[in-house]
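Source file: structure-v1.cif; contents: mmCIF, C-alpha atoms.
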data_structure
loop_
_atom_site.group_PDB
_atom_site.id
_atom_site.type_symbol
_atom_site.label_atom_id
_atom_site.label_comp_id
_atom_site.auth_asym_id
_atom_site.auth_seq_id
_atom_site.Cartn_x
_atom_site.Cartn_y
_atom_site.Cartn_z
ATOM 1 C CA MET A 26 85.987 99.555 114.164
ATOM 2 C CA ALA A 27 88.035 102.745 114.118
ATOM 3 C CA ASP A 28 88.081 105.043 111.122
ATOM 4 C CA VAL A 29 91.383 105.204 109.252
ATOM 5 C CA HIS A 30 92.572 108.575 108.007
ATOM 6 C CA THR A 31 95.389 108.411 105.473
ATOM 7 C CA LEU A 32 97.784 111.197 104.530
ATOM 8 C CA VAL A 33 99.527 110.962 101.151
ATOM 9 C CA LEU A 34 102.388 113.442 101.006
ATOM 10 C CA THR A 35 103.180 115.381 97.854
ATOM 11 C CA GLY A 36 105.402 118.221 96.655
ATOM 12 C CA PHE A 37 108.935 118.866 95.390
ATOM 13 C CA GLY A 38 108.799 116.305 92.583
ATOM 14 C CA THR A 39 106.438 113.625 93.882
ATOM 15 C CA ASN A 40 104.458 112.233 90.937
ATOM 16 C CA SER A 41 102.600 109.108 92.149
ATOM 17 C CA HIS A 42 100.399 110.734 94.783
ATOM 18 C CA ILE A 43 97.098 110.528 92.895
ATOM 19 C CA GLU A 44 97.211 106.787 92.170
ATOM 20 C CA THR A 45 98.579 106.156 95.660
ATOM 21 C CA ALA A 46 95.626 107.972 97.215
ATOM 22 C CA HIS A 47 93.248 106.075 94.919
ATOM 23 C CA THR A 48 94.733 102.753 96.042
ATOM 24 C CA ALA A 49 94.363 103.731 99.704
ATOM 25 C CA ARG A 50 90.668 104.446 99.076
ATOM 26 C CA LEU A 51 90.240 101.097 97.308
ATOM 27 C CA ALA A 52 91.833 99.442 100.347
ATOM 28 C CA GLY A 53 89.129 100.809 102.628
ATOM 29 C CA SER A 54 90.655 103.947 104.133
ATOM 30 C CA ASP A 55 87.799 106.118 105.391
ATOM 31 C CA ARG A 56 89.499 109.380 104.500
ATOM 32 C CA VAL A 57 92.434 110.028 102.214
ATOM 33 C CA ASP A 58 94.033 113.458 101.905
ATOM 34 C CA ILE A 59 96.778 114.462 99.493
ATOM 35 C CA VAL A 60 98.825 117.027 101.395
ATOM 36 C CA HIS A 61 101.745 119.195 100.278
ATOM 37 C CA PHE A 62 104.768 119.203 102.565
ATOM 38 C CA ALA A 63 104.407 122.964 102.950
ATOM 39 C CA ASP A 64 101.004 122.493 104.585
ATOM 40 C CA LEU A 65 102.635 120.380 107.304
ATOM 41 C CA ALA A 66 105.395 122.913 107.792
ATOM 42 C CA SER A 67 102.909 125.806 108.027
ATOM 43 C CA GLY A 68 100.754 123.990 110.558
ATOM 44 C CA GLY A 69 97.777 123.963 108.218
ATOM 45 C CA VAL A 70 97.690 120.168 108.470
ATOM 46 C CA ARG A 71 98.593 118.122 111.555
ATOM 47 C CA LEU A 72 100.248 114.740 111.226
ATOM 48 C CA ALA A 73 98.610 113.775 114.525
ATOM 49 C CA ASP A 74 95.197 113.739 112.819
ATOM 50 C CA TYR A 75 96.156 110.695 110.710
ATOM 51 C CA GLN A 76 96.890 107.043 111.390
ATOM 52 C CA PHE A 77 98.462 106.089 108.047
ATOM 53 C CA LEU A 78 101.203 108.114 106.356
ATOM 54 C CA ILE A 79 102.344 107.357 102.829
ATOM 55 C CA PHE A 80 105.415 108.743 101.092
ATOM 56 C CA PRO A 81 104.704 108.058 97.398
ATOM 57 C CA GLY A 82 107.104 107.727 94.499
ATOM 58 C CA GLY A 83 108.523 110.478 92.368
ATOM 59 C CA PHE A 84 111.728 112.422 91.924
ATOM 60 C CA LEU A 85 112.064 114.521 95.050
ATOM 61 C CA ASP A 86 114.088 117.631 94.228
ATOM 62 C CA GLY A 87 115.107 116.032 90.944
ATOM 63 C CA ASP A 88 117.203 113.495 92.884
ATOM 64 C CA ASP A 89 119.857 116.206 93.249
ATOM 65 C CA LEU A 90 122.538 115.278 95.820
ATOM 66 C CA GLY A 91 121.166 111.721 95.674
ATOM 67 C CA ALA A 92 117.619 110.389 95.840
ATOM 68 C CA ALA A 93 115.667 111.981 98.735
ATOM 69 C CA GLN A 94 118.810 113.495 100.281
ATOM 70 C CA ALA A 95 117.485 117.074 100.121
ATOM 71 C CA ALA A 96 114.069 115.930 101.346
ATOM 72 C CA GLN A 97 115.489 114.337 104.488
ATOM 73 C CA VAL A 98 117.224 117.625 105.309
ATOM 74 C CA ARG A 99 113.881 119.385 104.969
ATOM 75 C CA TRP A 100 112.249 116.953 107.435
ATOM 76 C CA ARG A 101 115.099 117.288 109.925
ATOM 77 C CA TYR A 102 115.326 121.065 109.982
ATOM 78 C CA CYS A 103 111.957 122.534 108.937
ATOM 79 C CA LYS A 104 109.918 123.588 111.965
ATOM 80 C CA ASP A 105 106.215 124.137 112.504
ATOM 81 C CA PRO A 106 104.785 127.447 113.808
ATOM 82 C CA GLN A 107 105.458 126.230 117.387
ATOM 83 C CA ASN A 108 109.155 125.819 116.468
ATOM 84 C CA VAL A 109 108.985 122.017 116.648
ATOM 85 C CA PRO A 110 111.056 120.205 113.969
ATOM 86 C CA LEU A 111 108.841 118.143 111.686
ATOM 87 C CA GLN A 112 111.067 115.150 112.406
ATOM 88 C CA GLU A 113 109.772 115.214 115.983
ATOM 89 C CA HIS A 114 106.211 114.932 114.717
ATOM 90 C CA LEU A 115 107.350 111.865 112.769
ATOM 91 C CA ARG A 116 108.888 110.454 115.948
ATOM 92 C CA THR A 117 105.604 110.912 117.828
ATOM 93 C CA PHE A 118 103.711 109.309 114.932
ATOM 94 C CA LEU A 119 105.965 106.255 115.179
ATOM 95 C CA GLU A 120 105.815 106.084 118.974
ATOM 96 C CA ASP A 121 102.013 106.093 118.775
ATOM 97 C CA GLY A 122 102.138 102.864 116.773
ATOM 98 C CA LYS A 123 100.797 104.330 113.543
ATOM 99 C CA LEU A 124 101.765 103.061 110.092
ATOM 100 C CA ILE A 125 104.126 104.462 107.458
ATOM 101 C CA LEU A 126 104.532 103.254 103.874
ATOM 102 C CA GLY A 127 107.311 104.520 101.612
ATOM 103 C CA ILE A 128 107.166 103.645 97.915
ATOM 104 C CA CYS A 129 110.249 104.013 95.680
ATOM 105 C CA ASN A 130 111.299 107.626 96.307
ATOM 106 C CA GLY A 131 109.397 107.340 99.598
ATOM 107 C CA PHE A 132 111.530 104.309 100.508
ATOM 108 C CA GLN A 133 114.641 106.307 99.662
ATOM 109 C CA LEU A 134 113.450 109.019 102.042
ATOM 110 C CA LEU A 135 112.760 106.555 104.860
ATOM 111 C CA VAL A 136 116.281 105.125 104.748
ATOM 112 C CA LYS A 137 117.870 108.565 104.412
ATOM 113 C CA LEU A 138 115.939 109.697 107.497
ATOM 114 C CA GLY A 139 116.908 106.543 109.379
ATOM 115 C CA ILE A 140 113.299 105.497 109.971
ATOM 116 C CA LEU A 141 114.317 102.244 108.296
ATOM 117 C CA PRO A 142 115.634 99.813 109.305
ATOM 118 C CA ALA A 143 115.646 101.159 112.900
ATOM 119 C CA LEU A 144 117.801 98.302 114.178
ATOM 120 C CA LYS A 145 117.357 97.792 117.925
ATOM 121 C CA GLY A 146 114.485 100.260 117.760
ATOM 122 C CA LYS A 147 116.741 103.245 117.059
ATOM 123 C CA TRP A 148 114.931 105.644 114.737
ATOM 124 C CA PHE A 149 116.670 108.436 112.836
ATOM 125 C CA GLU A 150 120.039 106.693 112.684
ATOM 126 C CA ARG A 151 121.037 106.063 109.085
ATOM 127 C CA ARG A 152 122.354 102.523 108.697
ATOM 128 C CA VAL A 153 121.513 101.776 105.051
ATOM 129 C CA SER A 154 120.913 103.644 101.836
ATOM 130 C CA LEU A 155 119.824 102.998 98.256
ATOM 131 C CA ALA A 156 122.466 103.412 95.567
ATOM 132 C CA HIS A 157 122.514 103.379 91.771
ATOM 133 C CA ASN A 158 121.391 100.166 90.098
ATOM 134 C CA LEU A 159 124.255 97.864 89.134
ATOM 135 C CA SER A 160 122.978 98.030 85.545
ATOM 136 C CA ALA A 161 123.753 101.784 85.621
ATOM 137 C CA ARG A 162 120.362 102.275 83.997
ATOM 138 C CA PHE A 163 116.913 103.395 84.964
ATOM 139 C CA GLU A 164 114.953 100.127 85.253
ATOM 140 C CA ASP A 165 111.310 100.100 84.180
ATOM 141 C CA ARG A 166 109.970 96.544 84.269
ATOM 142 C CA TRP A 167 107.664 94.131 86.110
ATOM 143 C CA VAL A 168 109.205 91.967 88.814
ATOM 144 C CA ARG A 169 108.022 89.148 91.049
ATOM 145 C CA LEU A 170 108.326 89.489 94.804
ATOM 146 C CA LYS A 171 108.187 87.078 97.698
ATOM 147 C CA ALA A 172 106.869 88.170 101.074
ATOM 148 C CA ASN A 173 108.871 86.999 104.073
ATOM 149 C CA PRO A 174 106.457 85.070 106.328
ATOM 150 C CA ALA A 175 108.791 85.516 109.306
ATOM 151 C CA SER A 176 108.847 89.296 108.981
ATOM 152 C CA PRO A 177 106.994 91.376 111.611
ATOM 153 C CA CYS A 178 105.648 93.591 108.798
ATOM 154 C CA VAL A 179 101.885 94.157 109.061
ATOM 155 C CA PHE A 180 101.670 95.162 105.378
ATOM 156 C CA THR A 181 102.753 91.743 104.068
ATOM 157 C CA ARG A 182 100.762 89.474 106.375
ATOM 158 C CA ASN A 183 99.311 86.393 104.673
ATOM 159 C CA LEU A 184 100.850 87.341 101.326
ATOM 160 C CA THR A 185 103.142 85.076 99.328
ATOM 161 C CA LEU A 186 104.087 86.011 95.751
ATOM 162 C CA LEU A 187 103.355 89.440 94.326
ATOM 163 C CA ASP A 188 103.885 90.999 90.910
ATOM 164 C CA MET A 189 104.682 94.719 90.742
ATOM 165 C CA PRO A 190 106.368 97.160 88.394
ATOM 166 C CA VAL A 191 109.611 98.933 89.233
ATOM 167 C CA ARG A 192 110.754 102.253 87.823
ATOM 168 C CA HIS A 193 113.915 103.542 89.460
ATOM 169 C CA GLY A 194 117.571 104.335 88.944
ATOM 170 C CA GLU A 195 118.682 104.175 92.593
ATOM 171 C CA GLY A 196 117.242 101.050 94.181
ATOM 172 C CA ARG A 197 120.233 98.962 95.262
ATOM 173 C CA LEU A 198 120.412 98.431 98.999
ATOM 174 C CA VAL A 199 123.768 99.316 100.541
ATOM 175 C CA ALA A 200 124.683 99.079 104.220
ATOM 176 C CA GLN A 201 127.344 100.738 106.321
ATOM 177 C CA ASP A 202 128.906 97.339 107.013
ATOM 178 C CA GLN A 203 128.403 93.604 106.723
ATOM 179 C CA ALA A 204 127.179 93.441 110.312
ATOM 180 C CA THR A 205 124.213 95.620 109.345
ATOM 181 C CA LEU A 206 123.287 93.337 106.462
ATOM 182 C CA HIS A 207 123.597 90.353 108.792
ATOM 183 C CA ALA A 208 121.306 92.070 111.333
ATOM 184 C CA LEU A 209 118.666 92.729 108.651
ATOM 185 C CA GLU A 210 118.683 89.039 107.837
ATOM 186 C CA GLU A 211 118.765 87.833 111.437
ATOM 187 C CA GLU A 212 115.924 90.122 112.548
ATOM 188 C CA GLU A 213 113.828 89.234 109.467
ATOM 189 C CA LEU A 214 113.575 92.879 108.437
ATOM 190 C CA VAL A 215 113.783 92.106 104.714
ATOM 191 C CA ALA A 216 110.026 92.027 104.186
ATOM 192 C CA LEU A 217 110.028 91.587 100.409
ATOM 193 C CA GLN A 218 112.541 89.948 98.082
ATOM 194 C CA TYR A 219 113.003 89.830 94.328
ATOM 195 C CA VAL A 220 112.545 86.269 93.109
ATOM 196 C CA ASP A 221 113.097 84.230 89.980
ATOM 197 C CA PRO A 222 109.595 84.032 88.452
ATOM 198 C CA ASP A 223 110.147 80.408 87.437
ATOM 199 C CA THR A 224 111.379 79.064 90.779
ATOM 200 C CA GLY A 225 109.971 81.588 93.246
ATOM 201 C CA GLU A 226 113.370 81.700 94.972
ATOM 202 C CA PRO A 227 115.122 84.947 96.001
ATOM 203 C CA THR A 228 117.674 86.143 93.484
ATOM 204 C CA GLU A 229 120.408 88.723 93.098
ATOM 205 C CA THR A 230 120.589 88.065 89.360
ATOM 206 C CA TYR A 231 119.597 90.707 86.808
ATOM 207 C CA PRO A 232 116.953 91.346 85.466
ATOM 208 C CA ASP A 233 114.744 89.517 88.006
ATOM 209 C CA ASN A 234 116.586 91.564 90.624
ATOM 210 C CA PRO A 235 116.556 94.891 88.742
ATOM 211 C CA ASN A 236 119.109 96.746 90.860
ATOM 212 C CA GLY A 237 121.468 94.158 92.349
ATOM 213 C CA SER A 238 120.351 94.491 95.963
ATOM 214 C CA PRO A 239 122.026 92.025 98.347
ATOM 215 C CA LEU A 240 119.681 89.651 100.168
ATOM 216 C CA ALA A 241 117.451 90.134 97.079
ATOM 217 C CA CYS A 242 115.977 93.011 99.082
ATOM 218 C CA ALA A 243 112.995 94.760 97.495
ATOM 219 C CA GLY A 244 111.544 96.099 100.737
ATOM 220 C CA LEU A 245 112.461 96.649 104.382
ATOM 221 C CA THR A 246 110.433 96.870 107.556
ATOM 222 C CA ASP A 247 111.358 97.976 111.069
ATOM 223 C CA PRO A 248 111.299 95.782 114.207
ATOM 224 C CA THR A 249 107.732 96.890 115.026
ATOM 225 C CA GLY A 250 106.491 95.951 111.555
ATOM 226 C CA HIS A 251 104.679 99.300 111.384
ATOM 227 C CA VAL A 252 106.902 100.763 108.659
ATOM 228 C CA LEU A 253 107.411 99.377 105.164
ATOM 229 C CA GLY A 254 109.613 100.779 102.441
ATOM 230 C CA LEU A 255 109.790 99.135 99.034
ATOM 231 C CA MET A 256 111.170 100.005 95.618
ATOM 232 C CA PRO A 257 108.387 98.408 93.497
ATOM 233 C CA HIS A 258 105.128 100.326 93.018
ATOM 234 C CA PRO A 259 102.097 98.562 94.538
ATOM 235 C CA GLU A 260 99.860 101.516 93.655
ATOM 236 C CA ALA A 261 100.595 100.872 89.964
ATOM 237 C CA PHE A 262 98.877 97.484 90.262
ATOM 238 C CA HIS A 263 95.585 98.464 91.873
ATOM 239 C CA HIS A 264 93.377 96.707 89.301
ATOM 240 C CA ILE A 265 93.747 93.461 87.413
ATOM 241 C CA THR A 266 93.894 95.300 84.062
ATOM 242 C CA ASN A 267 97.116 97.017 85.138
ATOM 243 C CA HIS A 268 98.935 93.704 84.781
ATOM 244 C CA PRO A 269 100.553 93.037 81.369
ATOM 245 C CA THR A 270 99.187 89.477 81.215
ATOM 246 C CA TRP A 271 95.606 90.175 82.250
ATOM 247 C CA THR A 272 94.248 89.408 78.762
ATOM 248 C CA ARG A 273 95.888 85.968 78.908
ATOM 249 C CA GLY A 274 94.312 84.943 82.169
ATOM 250 C CA PHE A 275 94.321 86.078 85.771
ATOM 251 C CA PRO A 276 97.809 87.087 86.976
ATOM 252 C CA LYS A 277 99.529 84.753 89.386
ATOM 253 C CA SER A 278 99.527 87.308 92.185
ATOM 254 C CA PRO A 279 96.978 89.603 93.840
ATOM 255 C CA PRO A 280 97.108 93.347 93.126
ATOM 256 C CA GLY A 281 99.404 95.560 95.159
ATOM 257 C CA THR A 282 96.269 96.917 96.817
ATOM 258 C CA MET A 283 96.635 94.050 99.295
ATOM 259 C CA LEU A 284 99.572 95.800 100.994
ATOM 260 C CA PHE A 285 97.352 98.830 101.590
ATOM 261 C CA ARG A 286 94.411 96.681 102.664
ATOM 262 C CA ASN A 287 96.494 94.868 105.270
ATOM 263 C CA ALA A 288 97.527 98.226 106.704
ATOM 264 C CA VAL A 289 93.981 99.587 106.827
ATOM 265 C CA THR A 290 92.629 96.361 108.347
ATOM 266 C CA TYR A 291 95.329 96.421 111.002
ATOM 267 C CA LEU A 292 94.520 99.998 111.964
ATOM 268 C CA LYS A 293 90.775 99.351 112.057
ATOM 269 C CA THR A 294 91.163 96.387 114.389
ATOM 270 C CA ALA A 295 94.194 97.424 116.476
#
Spit out the file's structure as structure tokens when you get a sec.
Amino acid sequence: MADVHTLVLTGFGTNSHIETAHTARLAGSDRVDIVHFADLASGGVRLADYQFLIFPGGFLDGDDLGAAQAAQVRWRYCKDPQNVPLQEHLRTFLEDGKLILGICNGFQLLVKLGILPALKGKWFERRVSLAHNLSARFEDRWVRLKANPASPCVFTRNLTLLDMPVRHGEGRLVAQDQATLHALEEEELVALQYVDPDTGEPTETYPDNPNGSPLACAGLTDPTGHVLGLMPHPEAFHHITNHPTWTRGFPKSPPGTMLFRNAVTYLKTA
């Protein structure tokens, strides 16, 4: 089985990198490095040396200009010492079939870059974004999610219902047109949905859907299934005692670590 080296990116307002790296280790990653964006730009660290890239949550650049908007500009126009834009290193990473996970602010970055949803396999074309919650408030609560069994996503394989916390102000999926939303549904790219905890059915109703996303979308994948972006925080549920009901019996869902474990297992056996 191949070793899995995981890179957890940090810098410019990221604040969930430590628990994200811890969760990747719990999931079986053989090596986990927390790396500042500047180390990629300087050439001190090479993206090519890793198989699993994680963009953790946080408040990149204070969410100025919109969540992750400034960060996507940095990826598009910063160049390494060989004058290669960092975005091209991301393109190579994707073409090599490696895995990318974007959590909350990381999800916002993936859609701003156009890595998600990559309809018809076209990376770096922005088709969707994440806008302010319909509640007009920062939402900090636990939600229940349903994994789409028809999705190509490798992260959600063999998973059904999952509990996770959300903490975001800009998590509502918006698309450039209705045809894009229809394509997400038709191609089964909505990998995770917010559900009513009593019925287990997808919902657009607040507060079970904390931001008002259409299609009850909590997470998107790309057609290869190698990229997952989600607004909830799986790294914040890496142990049973993280769950608010753990003292009243075992929670109804496995920890968010399972998303990481599926990724690591896939890479080890691919």
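Note that CA of Thr185 in chain A and CA of Leu206 in chain A are 22.9 Å apart.
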Is it possible to get the axis-aligned box enclosing range 94-112 of chain A (all listed atoms, 4 Å extra per side) as JSON, with centre and edge lengths in Å rounded to one decimal?
{"center_x": 111.8, "center_y": 120.5, "center_z": 108.8, "size_x": 22.0, "size_y": 22.0, "size_z": 25.3}
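Selection by the PyMOL selection byres ((chain A and resi 55) around 6) on the present file picks out Asp28, Val29, His30, Ser54 and Arg56 of chain A.
Using only C-alpha atoms, the smallest distance between any of A:Ala288, A:Trp167, A:Ile265, A:Asp105 and Gly69 in chain A comes from A:Asp105.
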Take the PyMOL selection byres ((chain A and resi 47) around 12), run it mentally on this structure, and tell me the resulting residues as a PyMOL selection string. chain A and resi 31-33+41-46+48-59+81+259-264+282+285
For this structure, which residues satisfy the selection - the PyMOL selection byres ((chain A and resi 148-151) around 10) - when it is evaluated on the file as given? I want them as JSON, numbers by chain. {"A": [101, 112, 115, 116, 119, 135, 136, 137, 138, 139, 140, 141, 142, 143, 144, 145, 146, 147, 152, 153, 154, 200, 201, 247]}
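Across A:Thr266, A:Thr39, A:Gln107, A:Asn287, the tightest approach to Asp86 in chain A is made by A:Thr39 when counting all atoms listed in the file.
For the choices A:Glu213, A:Leu255, A:Cys103, A:Leu111, the atom-to-atom distance to Gly82 in chain A is smallest for A:Leu255 when using all atoms listed in the file.
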Any idea what the distance is between CA of Thr117 in chain A and CA of Thr246 in chain A? 18.1 Å
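The interatomic distance for the pair CA of Leu214 in chain A and CA of Phe180 in chain A works out to 12.5 Å.
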Between A:Met26, A:Leu78, A:Leu186, A:Leu198, smallest distance to Pro280 in chain A by only C-alpha atoms belongs to A:Leu186
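Residue nearest Glu211 in chain A within the list A:Leu65, A:Leu240, A:Ala295, A:Ala73: A:Leu240 [criterion: smallest interatomic distance, only C-alpha atoms].
Residues in contact with range 249-251 of chain A at 7 Å, where all atoms listed in the file are counted and same-chain residues fewer than 5 positions away are skipped, are listed as Gly122, Lys123, Leu124, Ile125, Pro177, Cys178 and Val179 of chain A.
Comparing A:Ala216, A:Val109, A:Leu253, A:Ala175 by their smallest distance to Phe80 in chain A, the closest is A:Leu253 (using all atoms listed in the file).
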Could you name the residues that touch Lys171 in chain A at 7 Å or less, counting all atoms listed in the file, but leaving out those on the same chain fewer than 6 positions away, as a VMD selection string? chain A and resid 185 to 187 217 to 220
Show me the residues around (113.2, 98.8, 89.0) - criterion: an atom at most 9 Å away, only C-alpha atoms counted - as a VMD selection string. chain A and resid 129 158 163 to 168 190 to 196 234 to 236 256 to 257
Could those selected residues go to a file with C-alpha atoms, as a PDB file, keeping the file's coordinate frame?
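Final output, result-v8.pdb:
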ATOM      1  CA  CYS A 129     110.249 104.013  95.680  1.00  0.00           C
ATOM      2  CA  ASN A 158     121.391 100.166  90.098  1.00  0.00           C
ATOM      3  CA  PHE A 163     116.913 103.395  84.964  1.00  0.00           C
ATOM      4  CA  GLU A 164     114.953 100.127  85.253  1.00  0.00           C
ATOM      5  CA  ASP A 165     111.310 100.100  84.180  1.00  0.00           C
ATOM      6  CA  ARG A 166     109.970  96.544  84.269  1.00  0.00           C
ATOM      7  CA  TRP A 167     107.664  94.131  86.110  1.00  0.00           C
ATOM      8  CA  VAL A 168     109.205  91.967  88.814  1.00  0.00           C
ATOM      9  CA  PRO A 190     106.368  97.160  88.394  1.00  0.00           C
ATOM     10  CA  VAL A 191     109.611  98.933  89.233  1.00  0.00           C
ATOM     11  CA  ARG A 192     110.754 102.253  87.823  1.00  0.00           C
ATOM     12  CA  HIS A 193     113.915 103.542  89.460  1.00  0.00           C
ATOM     13  CA  GLY A 194     117.571 104.335  88.944  1.00  0.00           C
ATOM     14  CA  GLU A 195     118.682 104.175  92.593  1.00  0.00           C
ATOM     15  CA  GLY A 196     117.242 101.050  94.181  1.00  0.00           C
ATOM     16  CA  ASN A 234     116.586  91.564  90.624  1.00  0.00           C
ATOM     17  CA  PRO A 235     116.556  94.891  88.742  1.00  0.00           C
ATOM     18  CA  ASN A 236     119.109  96.746  90.860  1.00  0.00           C
ATOM     19  CA  MET A 256     111.170 100.005  95.618  1.00  0.00           C
ATOM     20  CA  PRO A 257     108.387  98.408  93.497  1.00  0.00           C
TER      21      PRO A 257
END
Restrict the calculation to all atoms listed in the file, then for each residue of range 129-230 of chain A with any atom at most 7 Å from an atom of range 88-95 of chain A give the closest atom pair and their distance in Å to one decimal, rows by chain and rising residue number, as a tab-separated table.
residue	atom	partner	partner_atom	distance
A:Asn130	CA	A:Ala93	CA	6.6
A:Gln133	CA	A:Ala93	CA	5.8
A:Leu134	CA	A:Ala93	CA	5.0
A:Lys137	CA	A:Gln94	CA	6.5
